[in-house]
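The data block below is target-v7.cif; it holds mmCIF, C-alpha atoms.
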data_structure
loop_
_atom_site.label_atom_id
_atom_site.label_comp_id
_atom_site.auth_asym_id
_atom_site.auth_seq_id
_atom_site.Cartn_x
_atom_site.Cartn_y
_atom_site.Cartn_z
CA MET A 1 -75.03 -90.26 -50.83
CA THR A 2 -75.40 -90.00 -54.61
CA GLN A 3 -72.74 -91.18 -57.05
CA SER A 4 -71.74 -87.57 -57.89
CA GLN A 5 -71.43 -86.77 -54.18
CA SER A 6 -69.29 -89.86 -53.66
CA GLU A 7 -67.03 -88.86 -56.53
CA ALA A 8 -66.69 -85.34 -55.14
CA GLN A 9 -65.82 -86.73 -51.70
CA ALA A 10 -63.22 -89.07 -53.22
CA HIS A 11 -61.79 -86.15 -55.19
CA ARG A 12 -61.36 -84.06 -52.06
CA GLU A 13 -59.89 -86.92 -50.01
CA GLN A 14 -57.30 -87.57 -52.73
CA ALA A 15 -56.48 -83.86 -52.91
CA HIS A 16 -55.97 -83.72 -49.13
CA GLN A 17 -53.52 -86.60 -49.32
CA GLU A 18 -51.44 -84.91 -52.04
CA ALA A 19 -51.85 -81.28 -50.93
CA VAL A 20 -49.07 -78.82 -50.20
CA THR A 21 -49.12 -75.46 -48.44
CA PHE A 22 -48.25 -72.26 -50.24
CA PRO A 23 -44.44 -71.91 -50.56
CA PHE A 24 -42.61 -68.82 -49.32
CA GLY A 25 -38.96 -67.92 -48.91
CA ARG A 26 -36.86 -66.71 -51.83
CA PRO A 27 -33.33 -68.13 -52.06
CA SER A 28 -32.04 -64.82 -53.48
CA PRO A 29 -33.56 -61.40 -54.19
CA PHE A 30 -34.44 -62.27 -57.79
CA GLU A 31 -35.46 -65.92 -57.53
CA PRO A 32 -38.90 -67.38 -56.74
CA PRO A 33 -39.28 -69.84 -53.86
CA GLU A 34 -37.48 -73.06 -54.79
CA ARG A 35 -40.56 -75.12 -53.91
CA LEU A 36 -42.60 -73.28 -56.56
CA THR A 37 -40.10 -74.31 -59.19
CA SER A 38 -40.04 -77.95 -58.09
CA LEU A 39 -43.85 -78.10 -57.98
CA ARG A 40 -44.08 -76.76 -61.53
CA GLU A 41 -41.59 -79.39 -62.67
CA GLU A 42 -43.81 -82.09 -61.13
CA GLY A 43 -46.93 -80.75 -62.84
CA PRO A 44 -48.67 -77.47 -63.67
CA ILE A 45 -51.46 -77.88 -61.07
CA THR A 46 -50.99 -79.10 -57.49
CA PRO A 47 -53.56 -79.69 -54.73
CA MET A 48 -53.09 -77.16 -51.92
CA VAL A 49 -54.40 -76.82 -48.38
CA TYR A 50 -55.42 -73.29 -47.42
CA PRO A 51 -54.93 -71.88 -43.90
CA ASP A 52 -58.70 -71.98 -43.24
CA GLY A 53 -58.75 -75.72 -43.95
CA ALA A 54 -60.13 -75.53 -47.48
CA THR A 55 -58.52 -77.70 -50.14
CA GLY A 56 -57.97 -76.18 -53.54
CA TRP A 57 -55.27 -75.79 -56.13
CA LEU A 58 -51.94 -74.08 -56.77
CA VAL A 59 -51.30 -73.44 -60.47
CA THR A 60 -47.69 -72.93 -61.55
CA GLY A 61 -47.58 -73.84 -65.26
CA TYR A 62 -47.77 -71.01 -67.79
CA SER A 63 -50.44 -72.46 -70.07
CA ALA A 64 -52.65 -73.47 -67.14
CA VAL A 65 -52.38 -70.05 -65.48
CA ARG A 66 -53.15 -68.23 -68.72
CA SER A 67 -56.07 -70.53 -69.48
CA ILE A 68 -57.68 -70.03 -66.08
CA LEU A 69 -57.22 -66.26 -66.21
CA ALA A 70 -59.15 -66.19 -69.49
CA ASP A 71 -61.87 -68.64 -68.45
CA PRO A 72 -65.19 -67.12 -67.25
CA ARG A 73 -65.88 -70.36 -65.37
CA PHE A 74 -63.38 -69.12 -62.77
CA SER A 75 -64.66 -66.33 -60.55
CA SER A 76 -62.93 -63.36 -58.92
CA ARG A 77 -65.79 -62.71 -56.49
CA ARG A 78 -64.31 -62.06 -53.08
CA GLU A 79 -66.86 -64.13 -51.17
CA LEU A 80 -65.82 -67.26 -53.10
CA LEU A 81 -62.07 -66.88 -52.65
CA HIS A 82 -59.69 -68.36 -50.08
CA VAL A 83 -56.42 -66.64 -49.15
CA PRO A 84 -53.43 -69.02 -49.30
CA MET A 85 -51.57 -67.46 -46.36
CA PRO A 86 -52.66 -66.55 -42.82
CA PHE A 87 -54.25 -63.11 -42.94
CA PRO A 88 -55.76 -61.13 -40.03
CA LEU A 89 -59.08 -60.38 -41.74
CA MET A 90 -59.44 -63.82 -43.33
CA GLN A 91 -63.08 -64.29 -42.34
CA GLU A 92 -64.06 -60.78 -43.41
CA MET A 93 -62.38 -61.39 -46.75
CA ARG A 94 -65.08 -63.99 -47.48
CA GLN A 95 -67.73 -61.27 -47.78
CA PRO A 96 -68.94 -59.71 -51.07
CA ALA A 97 -66.71 -56.86 -52.24
CA ASP A 98 -67.73 -53.34 -51.33
CA PRO A 99 -69.23 -51.19 -54.13
CA GLY A 100 -66.50 -50.06 -56.52
CA MET A 101 -63.99 -52.78 -55.58
CA PHE A 102 -64.26 -54.19 -59.09
CA ILE A 103 -61.14 -56.36 -59.00
CA ARG A 104 -63.06 -58.70 -56.69
CA MET A 105 -66.16 -58.90 -58.91
CA ASP A 106 -67.35 -60.74 -62.02
CA PRO A 107 -69.39 -59.32 -64.91
CA PRO A 108 -71.77 -57.56 -65.09
CA ASP A 109 -70.69 -55.66 -61.93
CA HIS A 110 -67.03 -55.74 -62.94
CA THR A 111 -67.91 -54.48 -66.43
CA ARG A 112 -69.97 -51.56 -65.11
CA TYR A 113 -67.07 -50.24 -63.05
CA ARG A 114 -64.22 -51.01 -65.43
CA LYS A 115 -65.80 -49.64 -68.61
CA PRO A 116 -65.58 -45.92 -67.70
CA LEU A 117 -61.98 -46.44 -66.57
CA THR A 118 -60.76 -48.20 -69.69
CA ALA A 119 -60.98 -45.01 -71.76
CA GLN A 120 -58.73 -43.26 -69.23
CA PHE A 121 -55.87 -45.76 -69.62
CA THR A 122 -55.46 -45.99 -73.37
CA VAL A 123 -52.05 -46.26 -75.01
CA ARG A 124 -52.67 -42.86 -76.61
CA ARG A 125 -53.36 -41.15 -73.29
CA MET A 126 -50.32 -42.76 -71.68
CA LYS A 127 -48.22 -41.49 -74.57
CA GLN A 128 -49.57 -38.00 -73.90
CA LEU A 129 -48.31 -38.31 -70.33
CA GLU A 130 -44.73 -39.06 -71.43
CA PRO A 131 -43.50 -35.44 -71.38
CA ARG A 132 -44.78 -34.97 -67.83
CA ILE A 133 -43.26 -38.27 -66.71
CA HIS A 134 -39.97 -37.10 -68.23
CA GLU A 135 -40.20 -33.84 -66.27
CA ILE A 136 -40.97 -35.62 -63.01
CA THR A 137 -38.05 -38.01 -63.53
CA GLU A 138 -35.73 -35.10 -64.34
CA GLU A 139 -36.79 -33.31 -61.16
CA ARG A 140 -36.05 -36.36 -59.02
CA LEU A 141 -32.63 -36.85 -60.63
CA ASP A 142 -31.82 -33.18 -60.10
CA ALA A 143 -32.72 -33.50 -56.42
CA MET A 144 -30.56 -36.62 -56.04
CA GLU A 145 -27.60 -34.98 -57.75
CA LYS A 146 -27.91 -31.84 -55.64
CA ALA A 147 -28.09 -33.80 -52.37
CA GLY A 148 -25.17 -36.01 -53.37
CA PRO A 149 -24.45 -39.65 -52.57
CA PRO A 150 -25.28 -41.88 -50.85
CA GLN A 151 -29.03 -41.88 -51.48
CA ASP A 152 -31.85 -44.35 -50.97
CA LEU A 153 -33.07 -44.89 -54.53
CA VAL A 154 -36.47 -46.10 -53.31
CA LYS A 155 -37.21 -42.99 -51.27
CA GLU A 156 -35.71 -40.47 -53.68
CA PHE A 157 -36.53 -41.98 -57.08
CA ALA A 158 -38.49 -45.23 -57.37
CA LEU A 159 -41.37 -44.26 -55.08
CA PRO A 160 -41.82 -40.53 -55.91
CA ILE A 161 -42.08 -40.94 -59.69
CA PRO A 162 -45.14 -43.24 -59.87
CA SER A 163 -46.65 -41.49 -56.85
CA LEU A 164 -46.47 -38.10 -58.56
CA VAL A 165 -47.81 -39.52 -61.81
CA ILE A 166 -50.82 -41.31 -60.30
CA CYS A 167 -51.58 -38.27 -58.14
CA GLU A 168 -51.72 -36.06 -61.23
CA LEU A 169 -53.78 -38.58 -63.18
CA LEU A 170 -56.34 -39.06 -60.40
CA GLY A 171 -56.29 -35.51 -59.08
CA VAL A 172 -54.93 -36.39 -55.63
CA PRO A 173 -52.82 -33.62 -54.00
CA TYR A 174 -49.21 -34.78 -53.89
CA ALA A 175 -48.93 -33.11 -50.49
CA ASP A 176 -51.03 -36.03 -49.20
CA ARG A 177 -48.60 -38.64 -50.52
CA GLU A 178 -47.09 -39.54 -47.14
CA GLU A 179 -50.54 -40.31 -45.77
CA PHE A 180 -51.56 -42.64 -48.59
CA GLN A 181 -48.12 -44.23 -48.90
CA ARG A 182 -48.12 -45.03 -45.18
CA SER A 183 -51.68 -46.38 -45.37
CA THR A 184 -50.92 -48.54 -48.41
CA ALA A 185 -47.87 -50.00 -46.66
CA VAL A 186 -50.05 -51.12 -43.75
CA LEU A 187 -52.57 -52.79 -46.08
CA LEU A 188 -49.87 -54.61 -48.07
CA ASN A 189 -47.98 -55.83 -45.00
CA LEU A 190 -48.85 -59.48 -44.44
CA GLU A 191 -48.11 -59.05 -40.71
CA SER A 192 -50.26 -55.96 -40.02
CA SER A 193 -52.67 -56.34 -37.10
CA VAL A 194 -56.45 -56.42 -37.50
CA GLU A 195 -56.68 -53.14 -35.60
CA ASP A 196 -54.16 -51.40 -37.87
CA ILE A 197 -55.86 -52.67 -41.03
CA ARG A 198 -59.31 -51.56 -39.91
CA ALA A 199 -58.07 -48.14 -38.79
CA THR A 200 -56.26 -47.67 -42.09
CA LEU A 201 -59.35 -48.54 -44.12
CA VAL A 202 -61.36 -45.98 -42.12
CA ASN A 203 -58.67 -43.35 -42.72
CA PHE A 204 -58.57 -44.09 -46.44
CA SER A 205 -62.35 -43.78 -46.65
CA ALA A 206 -62.27 -40.43 -44.86
CA PHE A 207 -59.41 -39.25 -47.09
CA PHE A 208 -61.35 -39.93 -50.27
CA ALA A 209 -64.59 -38.54 -48.83
CA ARG A 210 -62.84 -35.20 -48.31
CA LEU A 211 -61.25 -35.35 -51.76
CA ILE A 212 -64.53 -36.17 -53.53
CA GLU A 213 -66.28 -33.32 -51.73
CA ALA A 214 -63.53 -30.95 -52.87
CA LYS A 215 -63.77 -32.22 -56.46
CA ARG A 216 -67.52 -31.73 -56.54
CA ALA A 217 -67.06 -28.13 -55.44
CA ASP A 218 -64.12 -27.43 -57.76
CA PRO A 219 -63.70 -30.04 -60.55
CA ALA A 220 -60.46 -30.21 -62.50
CA ASP A 221 -59.09 -32.00 -65.57
CA ASP A 222 -58.37 -35.30 -63.83
CA LEU A 223 -59.73 -38.82 -63.74
CA LEU A 224 -61.59 -38.50 -60.44
CA SER A 225 -63.33 -35.28 -61.51
CA GLY A 226 -64.33 -36.97 -64.76
CA LEU A 227 -65.87 -39.91 -62.92
CA ILE A 228 -67.77 -37.55 -60.61
CA GLU A 229 -69.10 -35.53 -63.53
CA GLY A 230 -70.28 -38.74 -65.20
CA GLY A 231 -72.86 -38.96 -62.44
CA GLU A 232 -73.13 -42.76 -62.53
CA LEU A 233 -71.17 -43.60 -59.38
CA THR A 234 -71.94 -43.06 -55.71
CA ASP A 235 -69.45 -41.48 -53.36
CA GLN A 236 -68.66 -44.90 -51.86
CA GLU A 237 -68.02 -46.33 -55.32
CA LEU A 238 -65.83 -43.36 -56.25
CA SER A 239 -63.90 -43.69 -53.01
CA ASN A 240 -63.18 -47.40 -53.48
CA ILE A 241 -62.23 -47.02 -57.13
CA GLY A 242 -59.92 -44.15 -56.20
CA PHE A 243 -58.34 -46.26 -53.48
CA LEU A 244 -57.70 -49.18 -55.86
CA LEU A 245 -56.13 -46.99 -58.53
CA LEU A 246 -54.04 -44.97 -56.08
CA ALA A 247 -52.66 -47.97 -54.22
CA ALA A 248 -51.97 -50.05 -57.33
CA GLY A 249 -50.74 -47.06 -59.33
CA HIS A 250 -47.75 -46.28 -57.15
CA GLU A 251 -46.84 -49.47 -55.25
CA THR A 252 -46.41 -51.81 -58.20
CA THR A 253 -44.37 -49.50 -60.44
CA ALA A 254 -42.31 -48.21 -57.51
CA ASN A 255 -41.25 -51.74 -56.67
CA MET A 256 -40.46 -52.54 -60.28
CA LEU A 257 -38.25 -49.44 -60.51
CA GLY A 258 -36.43 -50.27 -57.27
CA LEU A 259 -36.07 -54.00 -57.81
CA GLY A 260 -35.35 -53.53 -61.52
CA THR A 261 -32.48 -51.15 -60.77
CA PHE A 262 -31.10 -53.61 -58.21
CA ALA A 263 -31.32 -56.43 -60.78
CA LEU A 264 -29.52 -54.45 -63.49
CA LEU A 265 -26.77 -53.40 -61.08
CA GLN A 266 -26.32 -57.06 -60.15
CA HIS A 267 -26.26 -58.09 -63.83
CA PRO A 268 -23.66 -55.66 -65.21
CA ASP A 269 -23.54 -57.44 -68.58
CA GLN A 270 -27.24 -56.68 -69.08
CA LEU A 271 -26.83 -53.06 -68.01
CA ALA A 272 -23.87 -52.71 -70.38
CA ALA A 273 -25.98 -54.13 -73.22
CA LEU A 274 -28.71 -51.56 -72.55
CA ARG A 275 -26.22 -48.71 -72.44
CA ALA A 276 -24.65 -49.89 -75.69
CA ASP A 277 -28.04 -50.14 -77.42
CA PRO A 278 -30.75 -47.86 -75.91
CA SER A 279 -33.29 -49.32 -78.36
CA LEU A 280 -33.32 -52.38 -76.08
CA ILE A 281 -35.31 -50.47 -73.45
CA ASP A 282 -38.64 -52.01 -74.49
CA ASN A 283 -37.16 -55.51 -74.25
CA THR A 284 -35.53 -54.58 -70.95
CA VAL A 285 -38.79 -53.50 -69.37
CA GLU A 286 -40.65 -56.63 -70.51
CA GLU A 287 -37.83 -58.95 -69.45
CA LEU A 288 -37.61 -57.33 -65.99
CA LEU A 289 -41.36 -57.69 -65.61
CA ARG A 290 -41.11 -61.38 -66.51
CA TYR A 291 -37.99 -62.17 -64.54
CA LEU A 292 -38.58 -60.38 -61.25
CA GLY A 293 -42.15 -61.22 -60.30
CA ILE A 294 -43.25 -58.69 -57.69
CA ILE A 295 -46.65 -60.33 -57.08
CA HIS A 296 -45.97 -62.68 -54.16
CA VAL A 297 -49.36 -64.36 -54.12
CA GLY A 298 -52.16 -64.69 -56.65
CA PRO A 299 -54.25 -63.87 -58.53
CA LEU A 300 -56.95 -65.86 -56.74
CA ARG A 301 -59.93 -67.53 -58.40
CA ALA A 302 -62.74 -69.97 -57.56
CA ALA A 303 -64.33 -72.50 -59.94
CA LEU A 304 -67.99 -71.82 -60.71
CA GLU A 305 -68.47 -75.30 -62.16
CA ASP A 306 -66.44 -78.46 -62.72
CA VAL A 307 -63.57 -77.68 -65.10
CA GLU A 308 -60.78 -79.90 -66.36
CA VAL A 309 -57.47 -78.09 -66.79
CA GLU A 310 -54.26 -79.83 -67.87
CA GLY A 311 -55.68 -83.20 -66.84
CA ARG A 312 -56.80 -82.05 -63.38
CA LEU A 313 -60.50 -81.91 -62.49
CA ILE A 314 -61.15 -78.69 -60.60
CA LYS A 315 -64.53 -79.03 -58.93
CA ALA A 316 -67.17 -76.32 -58.57
CA GLY A 317 -66.35 -74.20 -55.52
CA ASP A 318 -62.67 -75.14 -55.41
CA PRO A 319 -60.37 -72.19 -54.64
CA VAL A 320 -57.44 -71.66 -57.01
CA THR A 321 -54.21 -69.73 -56.45
CA LEU A 322 -52.31 -68.79 -59.61
CA SER A 323 -48.56 -68.20 -59.35
CA LEU A 324 -47.48 -65.58 -61.87
CA VAL A 325 -43.91 -65.87 -60.57
CA ALA A 326 -43.75 -69.56 -61.44
CA ALA A 327 -45.61 -69.17 -64.75
CA ASN A 328 -43.21 -66.48 -65.94
CA ARG A 329 -40.29 -68.87 -65.36
CA ASP A 330 -41.88 -71.82 -67.16
CA PRO A 331 -39.35 -73.30 -69.64
CA ALA A 332 -42.25 -74.64 -71.69
CA ARG A 333 -43.01 -71.01 -72.64
CA PHE A 334 -39.77 -69.05 -72.23
CA ALA A 335 -36.28 -70.00 -73.39
CA ASP A 336 -33.72 -70.15 -70.55
CA PRO A 337 -36.21 -68.52 -68.16
CA GLU A 338 -33.95 -68.59 -65.09
CA HIS A 339 -31.60 -66.03 -66.62
CA LEU A 340 -32.13 -62.31 -67.17
CA ASP A 341 -31.53 -61.56 -70.85
CA ILE A 342 -32.71 -58.20 -72.18
CA THR A 343 -31.94 -59.20 -75.76
CA ASN A 344 -34.69 -61.81 -75.77
CA PRO A 345 -38.25 -60.55 -76.24
CA ALA A 346 -40.32 -61.47 -73.16
CA THR A 347 -43.66 -60.87 -74.82
CA GLY A 348 -46.46 -62.96 -73.42
CA HIS A 349 -45.45 -62.75 -69.76
CA LEU A 350 -48.32 -62.68 -67.28
CA SER A 351 -47.08 -59.99 -64.90
CA PHE A 352 -50.09 -57.80 -65.71
CA GLY A 353 -52.46 -60.77 -65.67
CA HIS A 354 -54.61 -61.81 -68.61
CA GLY A 355 -58.25 -61.74 -69.58
CA LEU A 356 -61.00 -59.58 -68.08
CA HIS A 357 -58.94 -58.53 -65.08
CA GLN A 358 -55.74 -57.66 -66.91
CA CYS A 359 -54.12 -54.63 -65.24
CA LEU A 360 -55.72 -51.35 -66.31
CA GLY A 361 -52.55 -49.37 -65.72
CA GLN A 362 -50.09 -51.59 -67.57
CA GLN A 363 -49.37 -49.05 -70.30
CA LEU A 364 -48.76 -46.35 -67.70
CA ALA A 365 -46.33 -48.62 -65.86
CA ARG A 366 -44.49 -49.36 -69.09
CA VAL A 367 -44.14 -45.68 -69.97
CA GLU A 368 -42.82 -44.89 -66.50
CA MET A 369 -40.22 -47.66 -66.64
CA ARG A 370 -39.20 -46.92 -70.24
CA THR A 371 -38.62 -43.33 -69.19
CA ALA A 372 -37.07 -43.73 -65.75
CA PHE A 373 -34.47 -46.47 -66.29
CA PRO A 374 -32.56 -44.84 -69.19
CA MET A 375 -32.66 -41.39 -67.56
CA LEU A 376 -31.31 -42.80 -64.29
CA PHE A 377 -28.38 -44.62 -65.87
CA ASP A 378 -27.62 -41.74 -68.26
CA ARG A 379 -27.47 -39.24 -65.40
CA PHE A 380 -25.38 -41.49 -63.15
CA PRO A 381 -23.17 -43.72 -65.34
CA GLY A 382 -21.24 -44.77 -62.23
CA LEU A 383 -24.34 -45.81 -60.28
CA ARG A 384 -23.57 -48.65 -57.87
CA LEU A 385 -24.74 -50.09 -54.57
CA ALA A 386 -23.59 -48.27 -51.44
CA VAL A 387 -23.85 -51.47 -49.37
CA PRO A 388 -23.11 -55.14 -50.10
CA ALA A 389 -25.93 -56.72 -52.11
CA GLU A 390 -26.75 -59.14 -49.30
CA GLU A 391 -27.47 -56.17 -47.00
CA VAL A 392 -30.18 -54.69 -49.25
CA PRO A 393 -33.44 -55.12 -47.26
CA MET A 394 -36.21 -56.91 -49.16
CA ARG A 395 -40.00 -56.67 -48.82
CA GLU A 396 -40.40 -60.34 -47.95
CA LYS A 397 -43.46 -59.86 -45.73
CA MET A 398 -45.36 -57.68 -48.21
CA SER A 399 -47.90 -58.81 -50.78
CA ILE A 400 -46.02 -56.67 -53.32
CA TYR A 401 -42.38 -57.79 -53.38
CA GLY A 402 -39.42 -55.49 -53.89
CA VAL A 403 -36.65 -53.67 -52.04
CA ARG A 404 -37.40 -51.68 -48.88
CA GLU A 405 -34.36 -49.48 -49.44
CA LEU A 406 -31.71 -49.37 -52.16
CA PRO A 407 -28.66 -47.39 -50.96
CA VAL A 408 -26.66 -46.20 -53.98
CA ARG A 409 -23.59 -44.12 -54.86
CA TRP A 410 -22.35 -42.75 -58.17
#
Can the structure from this file be put into structure tokens for me?
Amino acid sequence: MTQSQSEAQAHREQAHQEAVTFPFGRPSPFEPPERLTSLREEGPITPMVYPDGATGWLVTGYSAVRSILADPRFSSRRELLHVPMPFPLMQEMRQPADPGMFIRMDPPDHTRYRKPLTAQFTVRRMKQLEPRIHEITEERLDAMEKAGPPQDLVKEFALPIPSLVICELLGVPYADREEFQRSTAVLLNLESSVEDIRATLVNFSAFFARLIEAKRADPADDLLSGLIEGGELTDQELSNIGFLLLAAGHETTANMLGLGTFALLQHPDQLAALRADPSLIDNTVEELLRYLGIIHVGPLRAALEDVEVEGRLIKAGDPVTLSLVAANRDPARFADPEHLDITNPATGHLSFGHGLHQCLGQQLARVEMRTAFPMLFDRFPGLRLAVPAEEVPMREKMSIYGVRELPVRW
């Protein structure tokens, strides 16, 4: 055994001795797992044992997370990653990503897929969507008011708004929303069976195959038609890109709207401050994004070479799990991070990631939240929970955290 091999072996043996498993279990709806907080206090990077036996790293400190996200020496390639929780298709996850699944690729493949999409998600284009987002929000509020209380805010408001918006942007018929919402829920459920996951992926593929065929025959002014007309992508690539955008485009914002409303109702001083000064809406959106943390696990990376980060030597091949939830509560970066305060700018949070893989749809999500929250509280100034807060069901077994239902009255 060479000296470098001996050092690598010693490194791994030491990591095994110190390693933790990924922490779950939130003490309250708005707090991260307590173990994440204590690990960050001990140090920004902790050795971690993965369910498949691999030893890698859990990164909880803000500066370390941000540094790794921006460092090309850390890969997003699916075949190099290890999932930090038991997952039914764990072995299949260690295969190269299918064509079009660019979030699990590195440049140049990632660049080839992302480049034509970047122009579709500019701040200017998202601004152009604002009137339509306002109309959609108004329609949902009208429907809620007509039906009368109590209502499930998730079903009637938080989920339909981003679903309608992403459907219009992509060119997906809204009539198909129940099919893709049900399918997405299966894929995001950490307890779904292998059979259900595989069947859902087949159904999604067939859904987009039909849609792409229809778009080729009758193109429209939407993102999917534009990608088809570009002629650079195969049907499989188009299908997978469409799936990524559709799933991410409604699930993440829907959970921010639902959980964000719950948080504001449970922090009446913050809601009162927003009502007193509507110009605080931008701060409110950014602070909710920082404070709530709907990404349970990840992002995931793997070191392509030996890299030293914050005094820890991460060896080539080591898997890395980054905790955005912990990073966004790091007191080294944010003042009084354990408290929700919409008067403090929360710029610099990592809820949309950072670097090459930063969320494409972040400006769309911001526009939707900046529109929906004020309109909701203006329409229903007496909005309140219809059940005790402790009875609100949470999405604890989902990879995207939030509320399953939010019963409200007004």
Review point. So what do you get for atom CA of A:Ile281 versus atom CA of A:Ala158, distance-wise?
Key: 17.2 Å
Check your understanding: So what do you get for atom CA of A:Gly293 versus atom CA of A:Thr252, distance-wise?
Key -> 10.5 Å
Review point. Which of these residues is nearest to A:Asp318, using all atoms listed in the file: A:Leu244, A:Leu36, A:Leu159, A:Ala302?
Key: A:Ala302
Exercise for review: Give as a list in words the set of residues within 7 Å of the point (-47.3, -46.0, -50.7), where distances use the file's coordinates and only C-alpha atoms.
Suggested key: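 Residues found, by chain and rising number: Phe180, Gln181, Arg182, Ser183, Thr184, Ala185, Ala247, His250 and Glu251 of chain A.
Put simply, atom CA of A:Glu405 is 11.9 Å away from atom CA of A:Pro150.
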Check your understanding: What residues come out when you apply the PyMOL selection byres ((chain A and resi 41) around 12) to this file, written as a PyMOL selection string?
Key -> chain A and resi 34-40+42-46+59-62+326-327+329-332
Check your understanding: Between A:Arg112, A:Arg366, A:Arg104, A:Arg216, which is the closest to A:Leu81 once you count only C-alpha atoms?
Key ->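 Of A:Arg112, A:Arg366, A:Arg104, A:Arg216, the one nearest A:Leu81 is A:Arg104, counting only C-alpha atoms.
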Exercise for review: Apply the PyMOL selection byres ((chain A and resi 151) around 7) to the structure shown and report the selected residues as a PyMOL selection string.
Suggested key: chain A and resi 149-150+152-153+407-409
With the PyMOL selection byres ((chain A and resi 116-120) around 10) as the selection, what would be picked from this file? Answer as a tab-separated table (two decimals) with C-alpha atoms, keeping the file's coordinate frame, please.
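Once everything was written out, this is selection32.tsv:
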chain	number	residue	atom	x	y	z
A	111	THR	CA	-67.91	-54.48	-66.43
A	112	ARG	CA	-69.97	-51.56	-65.11
A	113	TYR	CA	-67.07	-50.24	-63.05
A	114	ARG	CA	-64.22	-51.01	-65.43
A	115	LYS	CA	-65.80	-49.64	-68.61
A	121	PHE	CA	-55.87	-45.76	-69.62
A	122	THR	CA	-55.46	-45.99	-73.37
A	123	VAL	CA	-52.05	-46.26	-75.01
A	124	ARG	CA	-52.67	-42.86	-76.61
A	125	ARG	CA	-53.36	-41.15	-73.29
A	126	MET	CA	-50.32	-42.76	-71.68
A	169	LEU	CA	-53.78	-38.58	-63.18
A	222	ASP	CA	-58.37	-35.30	-63.83
A	223	LEU	CA	-59.73	-38.82	-63.74
A	226	GLY	CA	-64.33	-36.97	-64.76
A	227	LEU	CA	-65.87	-39.91	-62.92
A	230	GLY	CA	-70.28	-38.74	-65.20
A	232	GLU	CA	-73.13	-42.76	-62.53
A	241	ILE	CA	-62.23	-47.02	-57.13
A	245	LEU	CA	-56.13	-46.99	-58.53
A	360	LEU	CA	-55.72	-51.35	-66.31
A	361	GLY	CA	-52.55	-49.37	-65.72
Review point. Which is closest to A:Leu187 among A:Ala386, A:Leu271, A:Gln362, A:Leu201, if we use only C-alpha atoms?
Key: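 For A:Leu187, the nearest of the candidates is A:Leu201.
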Practice item. Go through A:Asp98, A:Leu257, A:Ser28, A:Pro72 and flag the residue nearest A:Val392, using only C-alpha atoms for the distances. Key: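 When distances to A:Val392 are compared using only C-alpha atoms, the smallest one comes from A:Ser28.
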Point to revise | Pick from A:Gly382, A:Pro86, A:Pro51, A:Pro99, whichever lies nearest to A:Leu265 using all atoms listed in the file | key: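 Nearest to A:Leu265: A:Gly382.
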Review point. Taking (-35.6, -60.8, -77.9) in the file's coordinates as the center, which residues reach within 10 Å of it, counting all atoms listed in the file, put as a ChimeraX atom specification?
Key: /A:280,282-284,286-287,341-347
Pick out the residues sitting within 9 Å of A:Met398, and hand them over as a tab-separated table (two decimals) with C-alpha atoms, in the frame of the given file; count all atoms listed in the file, and ignore anything fewer than 5 positions along from it in its own chain.
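Below is the file that was written, out.tsv:
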chain	number	residue	atom	x	y	z
A	185	ALA	CA	-47.87	-50.00	-46.66
A	187	LEU	CA	-52.57	-52.79	-46.08
A	188	LEU	CA	-49.87	-54.61	-48.07
A	189	ASN	CA	-47.98	-55.83	-45.00
A	190	LEU	CA	-48.85	-59.48	-44.44
A	191	GLU	CA	-48.11	-59.05	-40.71
A	296	HIS	CA	-45.97	-62.68	-54.16
Review point. From the list A:Arg140, A:Lys127, A:Arg78, A:Arg198, which residue is nearest A:Met105 when using all atoms listed in the file?
Key: A:Arg78
Point to revise | Polymer residues at most 12 Å from A:Glu213, all atoms listed in the file, same-chain spacing of 6 or more positions, as a ChimeraX atom specification | key: /A:206-207,219,224-225,228,234-236,238-239
Review point. Which residues come within 8 Å of A:Ile294, counting all atoms listed in the file, excluding same-chain residues fewer than 5 positions away, as a count of residues only?
Key: 7
**Study point:** Residue neighbourhood stretch 21-24 of chain A, 6 Å, only C-alpha atoms, exclusion window fewer than 4 positions, as an MDAnalysis selection string
**Key:** chainID A and resid 33 48:49
Exercise for review: Mind checking which residues fall within 7 Å of stretch 162-166 of chain A, counting all atoms listed in the file, ignoring those fewer than 2 positions away in the same chain, and posting them as a VMD selection string?
Suggested key: chain A and resid 133 159 to 160 168 to 170 174 246 249 to 250 253 to 254
